[in-house]
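Coordinates from data_5.pdb are shown below (PDB, C-alpha atoms).
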MODEL        1
ATOM      1  CA  MET A   1     -83.183  69.603  28.859  1.00  0.00           C
ATOM      2  CA  HIS A   2     -80.338  67.141  28.384  1.00  0.00           C
ATOM      3  CA  GLU A   3     -78.075  68.305  31.219  1.00  0.00           C
ATOM      4  CA  PRO A   4     -77.098  65.574  33.689  1.00  0.00           C
ATOM      5  CA  VAL A   5     -78.840  65.467  37.075  1.00  0.00           C
ATOM      6  CA  LEU A   6     -77.447  63.496  40.018  1.00  0.00           C
ATOM      7  CA  VAL A   7     -80.036  61.182  41.607  1.00  0.00           C
ATOM      8  CA  LEU A   8     -79.612  60.399  45.302  1.00  0.00           C
ATOM      9  CA  ASN A   9     -81.294  57.624  47.231  1.00  0.00           C
ATOM     10  CA  ALA A  10     -83.398  58.510  50.300  1.00  0.00           C
ATOM     11  CA  ASN A  11     -80.241  58.178  52.439  1.00  0.00           C
ATOM     12  CA  PHE A  12     -78.337  60.610  50.147  1.00  0.00           C
ATOM     13  CA  GLU A  13     -76.313  57.825  48.490  1.00  0.00           C
ATOM     14  CA  PRO A  14     -75.587  58.700  44.832  1.00  0.00           C
ATOM     15  CA  ILE A  15     -77.138  56.013  42.641  1.00  0.00           C
ATOM     16  CA  HIS A  16     -77.649  57.371  39.126  1.00  0.00           C
ATOM     17  CA  VAL A  17     -77.318  60.228  36.663  1.00  0.00           C
ATOM     18  CA  CYS A  18     -80.381  61.057  34.578  1.00  0.00           C
ATOM     19  CA  ASP A  19     -81.251  63.870  32.196  1.00  0.00           C
ATOM     20  CA  MET A  20     -83.177  67.009  33.098  1.00  0.00           C
ATOM     21  CA  ARG A  21     -86.443  65.797  31.510  1.00  0.00           C
ATOM     22  CA  ARG A  22     -86.510  62.631  33.659  1.00  0.00           C
ATOM     23  CA  ALA A  23     -85.610  64.601  36.791  1.00  0.00           C
ATOM     24  CA  ILE A  24     -88.438  67.085  36.244  1.00  0.00           C
ATOM     25  CA  GLY A  25     -90.837  64.170  35.706  1.00  0.00           C
ATOM     26  CA  LEU A  26     -89.775  62.663  39.039  1.00  0.00           C
ATOM     27  CA  LEU A  27     -90.221  66.034  40.765  1.00  0.00           C
ATOM     28  CA  MET A  28     -93.660  66.666  39.229  1.00  0.00           C
ATOM     29  CA  SER A  29     -94.901  63.183  40.231  1.00  0.00           C
ATOM     30  CA  GLU A  30     -93.548  63.801  43.763  1.00  0.00           C
ATOM     31  CA  LYS A  31     -91.301  60.727  43.630  1.00  0.00           C
ATOM     32  CA  ALA A  32     -88.297  62.959  44.282  1.00  0.00           C
ATOM     33  CA  THR A  33     -87.438  66.268  45.906  1.00  0.00           C
ATOM     34  CA  MET A  34     -84.943  68.821  44.744  1.00  0.00           C
ATOM     35  CA  VAL A  35     -81.739  69.121  46.750  1.00  0.00           C
ATOM     36  CA  VAL A  36     -79.737  71.593  44.640  1.00  0.00           C
ATOM     37  CA  ASN A  37     -81.044  73.999  42.013  1.00  0.00           C
ATOM     38  CA  GLY A  38     -77.880  75.064  40.258  1.00  0.00           C
ATOM     39  CA  ARG A  39     -79.334  75.920  36.875  1.00  0.00           C
ATOM     40  CA  GLY A  40     -82.113  78.482  37.289  1.00  0.00           C
ATOM     41  CA  ASN A  41     -85.749  78.021  36.300  1.00  0.00           C
ATOM     42  CA  ILE A  42     -87.958  76.984  33.398  1.00  0.00           C
ATOM     43  CA  LEU A  43     -90.701  79.539  32.777  1.00  0.00           C
ATOM     44  CA  THR A  44     -94.042  78.203  31.562  1.00  0.00           C
ATOM     45  CA  VAL A  45     -97.327  80.005  31.049  1.00  0.00           C
ATOM     46  CA  SER A  46     -98.740  79.018  34.413  1.00  0.00           C
ATOM     47  CA  ARG A  47     -95.756  78.187  36.637  1.00  0.00           C
ATOM     48  CA  VAL A  48     -92.050  78.387  37.292  1.00  0.00           C
ATOM     49  CA  ILE A  49     -90.260  75.023  37.374  1.00  0.00           C
ATOM     50  CA  PRO A  50     -86.791  74.839  38.942  1.00  0.00           C
ATOM     51  CA  ARG A  51     -84.043  73.162  36.855  1.00  0.00           C
ATOM     52  CA  PRO A  52     -82.470  70.754  39.344  1.00  0.00           C
ATOM     53  CA  SER A  53     -78.843  69.735  39.525  1.00  0.00           C
ATOM     54  CA  VAL A  54     -79.311  67.166  42.331  1.00  0.00           C
ATOM     55  CA  ILE A  55     -82.518  65.365  43.302  1.00  0.00           C
ATOM     56  CA  ARG A  56     -83.315  62.908  46.102  1.00  0.00           C
ATOM     57  CA  LEU A  57     -85.778  60.042  45.848  1.00  0.00           C
ATOM     58  CA  GLN A  58     -88.592  60.014  48.420  1.00  0.00           C
ATOM     59  CA  LYS A  59     -88.448  56.262  49.013  1.00  0.00           C
ATOM     60  CA  MET A  60     -85.384  54.150  49.616  1.00  0.00           C
ATOM     61  CA  ILE A  61     -84.609  51.750  46.792  1.00  0.00           C
ATOM     62  CA  SER A  62     -82.148  48.890  47.131  1.00  0.00           C
ATOM     63  CA  ARG A  63     -79.598  48.577  44.367  1.00  0.00           C
ATOM     64  CA  PRO A  64     -76.355  46.683  44.202  1.00  0.00           C
ATOM     65  CA  ARG A  65     -73.212  48.751  44.025  1.00  0.00           C
ATOM     66  CA  PRO A  66     -72.618  49.828  40.432  1.00  0.00           C
ATOM     67  CA  ARG A  67     -69.818  48.036  38.602  1.00  0.00           C
ATOM     68  CA  LEU A  68     -68.128  49.508  35.597  1.00  0.00           C
ATOM     69  CA  LYS A  69     -68.485  47.675  32.318  1.00  0.00           C
ATOM     70  CA  LEU A  70     -65.314  46.788  30.472  1.00  0.00           C
ATOM     71  CA  THR A  71     -65.471  49.144  27.491  1.00  0.00           C
ATOM     72  CA  ARG A  72     -62.863  50.958  25.419  1.00  0.00           C
ATOM     73  CA  ARG A  73     -63.863  54.297  26.895  1.00  0.00           C
ATOM     74  CA  GLU A  74     -63.543  53.029  30.479  1.00  0.00           C
ATOM     75  CA  VAL A  75     -60.133  51.440  29.762  1.00  0.00           C
ATOM     76  CA  PHE A  76     -58.898  54.756  28.339  1.00  0.00           C
ATOM     77  CA  ARG A  77     -60.368  56.655  31.297  1.00  0.00           C
ATOM     78  CA  ARG A  78     -58.774  54.259  33.812  1.00  0.00           C
ATOM     79  CA  ASP A  79     -55.390  54.676  32.094  1.00  0.00           C
ATOM     80  CA  ASN A  80     -55.851  58.471  31.847  1.00  0.00           C
ATOM     81  CA  TYR A  81     -55.650  58.411  28.026  1.00  0.00           C
ATOM     82  CA  THR A  82     -51.992  57.389  28.293  1.00  0.00           C
ATOM     83  CA  CYS A  83     -50.224  54.582  26.435  1.00  0.00           C
ATOM     84  CA  GLN A  84     -49.198  52.078  29.100  1.00  0.00           C
ATOM     85  CA  TYR A  85     -46.043  51.129  27.180  1.00  0.00           C
ATOM     86  CA  CYS A  86     -44.432  54.433  26.122  1.00  0.00           C
ATOM     87  CA  GLY A  87     -46.332  56.971  28.272  1.00  0.00           C
ATOM     88  CA  LYS A  88     -47.656  59.027  25.349  1.00  0.00           C
ATOM     89  CA  HIS A  89     -50.763  61.024  26.320  1.00  0.00           C
ATOM     90  CA  THR A  90     -53.200  61.050  23.381  1.00  0.00           C
ATOM     91  CA  THR A  91     -56.797  60.381  22.381  1.00  0.00           C
ATOM     92  CA  ASP A  92     -55.688  58.153  19.485  1.00  0.00           C
ATOM     93  CA  LEU A  93     -55.443  54.910  21.466  1.00  0.00           C
ATOM     94  CA  THR A  94     -56.189  51.224  21.028  1.00  0.00           C
ATOM     95  CA  VAL A  95     -56.941  48.481  23.546  1.00  0.00           C
ATOM     96  CA  ASP A  96     -54.198  45.873  23.925  1.00  0.00           C
ATOM     97  CA  HIS A  97     -54.372  42.513  25.695  1.00  0.00           C
ATOM     98  CA  VAL A  98     -51.262  42.100  27.862  1.00  0.00           C
ATOM     99  CA  ILE A  99     -51.446  38.327  27.412  1.00  0.00           C
ATOM    100  CA  PRO A 100     -52.849  37.883  23.883  1.00  0.00           C
ATOM    101  CA  ARG A 101     -56.190  36.128  23.633  1.00  0.00           C
ATOM    102  CA  HIS A 102     -54.846  33.470  21.283  1.00  0.00           C
ATOM    103  CA  LEU A 103     -52.358  32.542  24.030  1.00  0.00           C
ATOM    104  CA  GLY A 104     -55.112  32.125  26.618  1.00  0.00           C
ATOM    105  CA  GLY A 105     -55.390  35.712  27.879  1.00  0.00           C
ATOM    106  CA  ALA A 106     -58.800  36.744  29.147  1.00  0.00           C
ATOM    107  CA  HIS A 107     -60.761  39.844  28.193  1.00  0.00           C
ATOM    108  CA  CYS A 108     -60.851  41.280  31.717  1.00  0.00           C
ATOM    109  CA  TRP A 109     -59.764  44.435  33.551  1.00  0.00           C
ATOM    110  CA  THR A 110     -56.455  42.910  34.638  1.00  0.00           C
ATOM    111  CA  ASN A 111     -55.437  41.955  31.095  1.00  0.00           C
ATOM    112  CA  VAL A 112     -56.311  45.024  28.985  1.00  0.00           C
ATOM    113  CA  VAL A 113     -54.463  48.326  28.741  1.00  0.00           C
ATOM    114  CA  ALA A 114     -54.562  51.455  26.599  1.00  0.00           C
ATOM    115  CA  ALA A 115     -51.817  51.513  23.977  1.00  0.00           C
ATOM    116  CA  CYS A 116     -50.882  53.881  21.168  1.00  0.00           C
ATOM    117  CA  PRO A 117     -51.119  52.300  17.703  1.00  0.00           C
ATOM    118  CA  ALA A 118     -47.319  52.201  17.320  1.00  0.00           C
ATOM    119  CA  CYS A 119     -46.747  50.296  20.588  1.00  0.00           C
ATOM    120  CA  ASN A 120     -49.677  47.964  19.921  1.00  0.00           C
ATOM    121  CA  HIS A 121     -48.240  47.160  16.485  1.00  0.00           C
ATOM    122  CA  ARG A 122     -44.748  46.703  17.908  1.00  0.00           C
ATOM    123  CA  LYS A 123     -46.014  44.272  20.549  1.00  0.00           C
ATOM    124  CA  GLY A 124     -48.204  42.407  18.069  1.00  0.00           C
ATOM    125  CA  GLY A 125     -49.558  39.070  19.256  1.00  0.00           C
ATOM    126  CA  ARG A 126     -46.635  38.413  21.592  1.00  0.00           C
ATOM    127  CA  THR A 127     -46.232  38.504  25.348  1.00  0.00           C
ATOM    128  CA  LEU A 128     -44.418  41.368  27.069  1.00  0.00           C
ATOM    129  CA  GLU A 129     -41.253  39.286  27.497  1.00  0.00           C
ATOM    130  CA  GLU A 130     -41.210  38.186  23.862  1.00  0.00           C
ATOM    131  CA  ALA A 131     -41.675  41.772  22.659  1.00  0.00           C
ATOM    132  CA  GLY A 132     -39.147  43.176  25.163  1.00  0.00           C
ATOM    133  CA  MET A 133     -41.660  45.709  26.531  1.00  0.00           C
ATOM    134  CA  LYS A 134     -42.744  46.760  30.025  1.00  0.00           C
ATOM    135  CA  LEU A 135     -45.948  48.245  31.415  1.00  0.00           C
ATOM    136  CA  LEU A 136     -45.905  51.599  33.192  1.00  0.00           C
ATOM    137  CA  ARG A 137     -48.528  50.303  35.672  1.00  0.00           C
ATOM    138  CA  PRO A 138     -50.087  46.889  36.113  1.00  0.00           C
ATOM    139  CA  PRO A 139     -53.740  46.916  34.976  1.00  0.00           C
ATOM    140  CA  THR A 140     -56.368  46.746  37.712  1.00  0.00           C
ATOM    141  CA  GLU A 141     -60.136  47.015  37.929  1.00  0.00           C
ATOM    142  CA  PRO A 142     -61.127  50.644  38.531  1.00  0.00           C
ATOM    143  CA  PRO A 143     -62.656  51.547  41.889  1.00  0.00           C
ATOM    144  CA  THR A 144     -66.424  51.514  42.234  1.00  0.00           C
ATOM    145  CA  SER A 145     -66.481  54.613  44.403  1.00  0.00           C
ATOM    146  CA  ALA A 146     -69.124  57.185  43.541  1.00  0.00           C
ATOM    147  CA  ARG A 147     -66.416  59.762  42.878  1.00  0.00           C
ATOM    148  CA  TYR A 148     -64.921  57.586  40.131  1.00  0.00           C
ATOM    149  CA  VAL A 149     -68.205  56.287  38.687  1.00  0.00           C
ATOM    150  CA  PHE A 150     -69.783  59.747  38.376  1.00  0.00           C
ATOM    151  CA  GLY A 151     -66.462  61.588  38.033  1.00  0.00           C
ATOM    152  CA  ARG A 152     -66.777  62.304  34.335  1.00  0.00           C
ATOM    153  CA  HIS A 153     -69.601  64.756  35.147  1.00  0.00           C
ATOM    154  CA  LEU A 154     -67.738  66.581  37.944  1.00  0.00           C
ATOM    155  CA  GLU A 155     -65.933  69.067  35.689  1.00  0.00           C
ATOM    156  CA  GLU A 156     -69.169  70.858  34.760  1.00  0.00           C
ATOM    157  CA  ASN A 157     -71.107  70.044  37.968  1.00  0.00           C
ATOM    158  CA  LYS A 158     -68.943  71.140  40.905  1.00  0.00           C
ATOM    159  CA  GLU A 159     -71.961  71.184  43.259  1.00  0.00           C
ATOM    160  CA  TRP A 160     -72.098  67.353  43.109  1.00  0.00           C
ATOM    161  CA  GLU A 161     -68.758  67.013  44.933  1.00  0.00           C
ATOM    162  CA  GLN A 162     -70.240  67.111  48.445  1.00  0.00           C
ATOM    163  CA  PHE A 163     -72.631  64.238  47.643  1.00  0.00           C
ATOM    164  CA  LEU A 164     -69.971  61.952  46.126  1.00  0.00           C
ATOM    165  CA  VAL A 165     -67.387  62.086  48.928  1.00  0.00           C
ATOM    166  CA  GLY A 166     -67.409  59.010  51.155  1.00  0.00           C
ATOM    167  CA  TRP A 167     -69.456  56.691  48.941  1.00  0.00           C
TER
ENDMDL
END

Any chance you could give the structure as structure tokens?
Amino acid sequence: MHEPVLVLNANFEPIHVCDMRRAIGLLMSEKATMVVNGRGNILTVSRVIPRPSVIRLQKMISRPRPRLKLTRREVFRRDNYTCQYCGKHTTDLTVDHVIPRHLGGAHCWTNVVAACPACNHRKGGRTLEEAGMKLLRPPTEPPTSARYVFGRHLEENKEWEQFLVGW
């Protein structure tokens, strides 16, 4: 009951991912219809309830485009779990401010990168020039496309692909 379900707006725009329990509640109250049943059925005493993978809301709701929050997990995901100084691919990473905060650097997408503990320690509270280090890629804000926002669920939900392309 905790599998992710893609929620589409009335115009088939992907807007959210909810769990199976919430999706079934929306289907039972007729606020949504099922688009893809990729998981079989739930058998109860009196009825058979489909386990949806993708649902579509009956009424159009207006929502602003989702923006990603600046979190450790999203920084690591943006940088593909790779240290931006030495190129080491690992899950043991830290977040480093390119321009240190005590030197006026902001805590924003364009100033934070994923770094392995050794490189972060080597850089310390200095700038790149002072530490004699270079970035592999300049940090940027990740795209707000539906494919990127909901991409972490795509590995186990291949049927979502057709609904995420183009948004």

What gap, in Å, lies between CA of Thr127 (chain A) and CA of Thr91 (chain A)?
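Going from CA of Thr127 (chain A) over to CA of Thr91 (chain A) covers 24.5 Å.
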
Using only C-alpha atoms, which residues sit within 12 Å of Arg101 (chain A) once same-chain residues fewer than 4 positions away are excluded, as a count of residues only?
12

Taking only C-alpha atoms into account, which of A:Val5, A:Ala118, A:Val36, A:Leu43 comes nearest Gln162 (chain A)?
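Counting only C-alpha atoms, the residue closest to Gln162 (chain A) is A:Val36.
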
For the structure shown, which residues end up in the PyMOL selection byres ((chain A and resi 17) around 6)? Put them as a CSV table (one decimal) with C-alpha atoms, in the frame of the given file, please?
chain,number,residue,atom,x,y,z
A,5,VAL,CA,-78.8,65.5,37.1
A,6,LEU,CA,-77.4,63.5,40.0
A,7,VAL,CA,-80.0,61.2,41.6
A,16,HIS,CA,-77.6,57.4,39.1
A,18,CYS,CA,-80.4,61.1,34.6

Name the residues captured by the PyMOL selection byres ((chain A and resi 92) around 12) when it is applied to the shown file; answer as a PyMOL selection string.
chain A and resi 72-73+76+81-83+88-91+93-95+114-120

Please identify all polymer residues within 12 Å of Ile15 (chain A), counting only C-alpha atoms, omitting same-chain residues fewer than 3 positions from it, and present them as a PyMOL selection string.
chain A and resi 5-12+18+54-57+60-67+144-147+149-150+163-164+167

Work out how far CA of Arg22 (chain A) is from CA of Asn41 (chain A), in Å to one decimal.
15.6 Å

In Å to one decimal, how far is CA of Ile99 (chain A) from CA of Asn80 (chain A)?
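Separation between CA of Asn80 (chain A) and CA of Ile99 (chain A): 21.1 Å.
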
Suppose a student applies the PyMOL selection byres ((chain A and resi 140) around 8) to this structure; what residues should they get, written as a list in words?
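For this structure, the PyMOL selection byres ((chain A and resi 140) around 8) captures Trp109, Thr110, Pro138, Pro139, Glu141 and Pro142 of chain A.
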
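If you measure from each of A:Ala23, A:Tyr148, A:Leu103, A:Val98 to Ala131 (chain A) using only C-alpha atoms, the closest one turns out to be A:Val98.
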
Determine the nearest neighbour of Leu26 (chain A) from the options A:Lys59, A:Lys158, A:Arg47, A:Arg39, counting only C-alpha atoms.
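Among the listed residues, the smallest separation from Leu26 (chain A) belongs to A:Lys59.
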
Please produce region 117-128 of chain A, completed to all heavy atoms, as an mmCIF file, in the coordinates of the input.
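Output contents, as saved in rebuild09.cif:
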data_model
loop_
_atom_site.group_PDB
_atom_site.id
_atom_site.type_symbol
_atom_site.label_atom_id
_atom_site.label_comp_id
_atom_site.auth_asym_id
_atom_site.auth_seq_id
_atom_site.Cartn_x
_atom_site.Cartn_y
_atom_site.Cartn_z
ATOM 1 N N PRO A 117 -51.188 53.248 18.828
ATOM 2 C CA PRO A 117 -51.119 52.300 17.703
ATOM 3 C C PRO A 117 -49.701 51.783 17.426
ATOM 4 O O PRO A 117 -49.522 50.609 17.092
ATOM 5 C CB PRO A 117 -51.663 53.103 16.528
ATOM 6 C CG PRO A 117 -52.541 54.131 17.146
ATOM 7 C CD PRO A 117 -51.900 54.468 18.454
ATOM 8 N N ALA A 118 -48.694 52.633 17.593
ATOM 9 C CA ALA A 118 -47.319 52.201 17.320
ATOM 10 C C ALA A 118 -46.872 51.115 18.302
ATOM 11 O O ALA A 118 -46.281 50.104 17.895
ATOM 12 C CB ALA A 118 -46.380 53.410 17.393
ATOM 13 N N CYS A 119 -47.138 51.299 19.588
ATOM 14 C CA CYS A 119 -46.747 50.296 20.588
ATOM 15 C C CYS A 119 -47.552 49.011 20.426
ATOM 16 O O CYS A 119 -47.012 47.913 20.580
ATOM 17 C CB CYS A 119 -46.904 50.846 21.991
ATOM 18 S SG CYS A 119 -45.688 52.099 22.422
ATOM 19 N N ASN A 120 -48.844 49.145 20.109
ATOM 20 C CA ASN A 120 -49.677 47.964 19.921
ATOM 21 C C ASN A 120 -49.172 47.158 18.725
ATOM 22 O O ASN A 120 -49.102 45.931 18.771
ATOM 23 C CB ASN A 120 -51.137 48.369 19.727
ATOM 24 C CG ASN A 120 -52.100 47.234 19.996
ATOM 25 O OD1 ASN A 120 -51.718 46.092 20.134
ATOM 26 N ND2 ASN A 120 -53.363 47.577 20.061
ATOM 27 N N HIS A 121 -48.775 47.844 17.666
ATOM 28 C CA HIS A 121 -48.240 47.160 16.485
ATOM 29 C C HIS A 121 -46.896 46.512 16.796
ATOM 30 O O HIS A 121 -46.619 45.398 16.353
ATOM 31 C CB HIS A 121 -48.114 48.149 15.331
ATOM 32 C CG HIS A 121 -47.616 47.534 14.064
ATOM 33 N ND1 HIS A 121 -48.385 46.689 13.313
ATOM 34 C CD2 HIS A 121 -46.418 47.621 13.437
ATOM 35 C CE1 HIS A 121 -47.688 46.283 12.269
ATOM 36 N NE2 HIS A 121 -46.483 46.841 12.322
ATOM 37 N N ARG A 122 -46.072 47.229 17.547
ATOM 38 C CA ARG A 122 -44.748 46.703 17.908
ATOM 39 C C ARG A 122 -44.864 45.441 18.765
ATOM 40 O O ARG A 122 -44.119 44.491 18.601
ATOM 41 C CB ARG A 122 -43.956 47.773 18.655
ATOM 42 C CG ARG A 122 -42.491 47.407 18.826
ATOM 43 C CD ARG A 122 -41.715 48.571 19.411
ATOM 44 N NE ARG A 122 -41.075 48.100 20.626
ATOM 45 C CZ ARG A 122 -40.950 48.777 21.735
ATOM 46 N NH1 ARG A 122 -41.412 49.995 21.809
ATOM 47 N NH2 ARG A 122 -40.364 48.265 22.776
ATOM 48 N N LYS A 123 -45.823 45.445 19.691
ATOM 49 C CA LYS A 123 -46.014 44.272 20.549
ATOM 50 C C LYS A 123 -46.630 43.119 19.765
ATOM 51 O O LYS A 123 -46.240 41.971 19.936
ATOM 52 C CB LYS A 123 -46.900 44.623 21.744
ATOM 53 C CG LYS A 123 -47.123 43.445 22.683
ATOM 54 C CD LYS A 123 -47.913 43.898 23.883
ATOM 55 C CE LYS A 123 -48.305 42.722 24.725
ATOM 56 N NZ LYS A 123 -49.397 41.940 24.163
ATOM 57 N N GLY A 124 -47.581 43.442 18.885
ATOM 58 C CA GLY A 124 -48.204 42.407 18.069
ATOM 59 C C GLY A 124 -48.937 41.390 18.921
ATOM 60 O O GLY A 124 -49.522 41.706 19.944
ATOM 61 N N GLY A 125 -48.881 40.131 18.528
ATOM 62 C CA GLY A 125 -49.558 39.070 19.256
ATOM 63 C C GLY A 125 -48.609 38.327 20.182
ATOM 64 O O GLY A 125 -48.773 37.134 20.406
ATOM 65 N N ARG A 126 -47.636 39.050 20.726
ATOM 66 C CA ARG A 126 -46.635 38.413 21.592
ATOM 67 C C ARG A 126 -46.853 38.827 23.043
ATOM 68 O O ARG A 126 -47.567 39.779 23.331
ATOM 69 C CB ARG A 126 -45.231 38.834 21.149
ATOM 70 C CG ARG A 126 -44.941 38.455 19.697
ATOM 71 C CD ARG A 126 -43.589 38.934 19.247
ATOM 72 N NE ARG A 126 -43.590 40.391 19.160
ATOM 73 C CZ ARG A 126 -42.511 41.121 18.890
ATOM 74 N NH1 ARG A 126 -41.351 40.543 18.703
ATOM 75 N NH2 ARG A 126 -42.585 42.428 18.820
ATOM 76 N N THR A 127 -46.195 38.125 23.943
ATOM 77 C CA THR A 127 -46.232 38.504 25.348
ATOM 78 C C THR A 127 -45.265 39.658 25.576
ATOM 79 O O THR A 127 -44.465 39.999 24.692
ATOM 80 C CB THR A 127 -45.839 37.327 26.254
ATOM 81 O OG1 THR A 127 -44.492 36.969 25.980
ATOM 82 C CG2 THR A 127 -46.766 36.137 26.063
ATOM 83 N N LEU A 128 -45.316 40.253 26.756
ATOM 84 C CA LEU A 128 -44.418 41.368 27.069
ATOM 85 C C LEU A 128 -42.948 40.949 26.988
ATOM 86 O O LEU A 128 -42.110 41.687 26.479
ATOM 87 C CB LEU A 128 -44.721 41.918 28.466
ATOM 88 C CG LEU A 128 -46.049 42.648 28.632
ATOM 89 C CD1 LEU A 128 -46.285 42.997 30.086
ATOM 90 C CD2 LEU A 128 -46.078 43.894 27.779
#
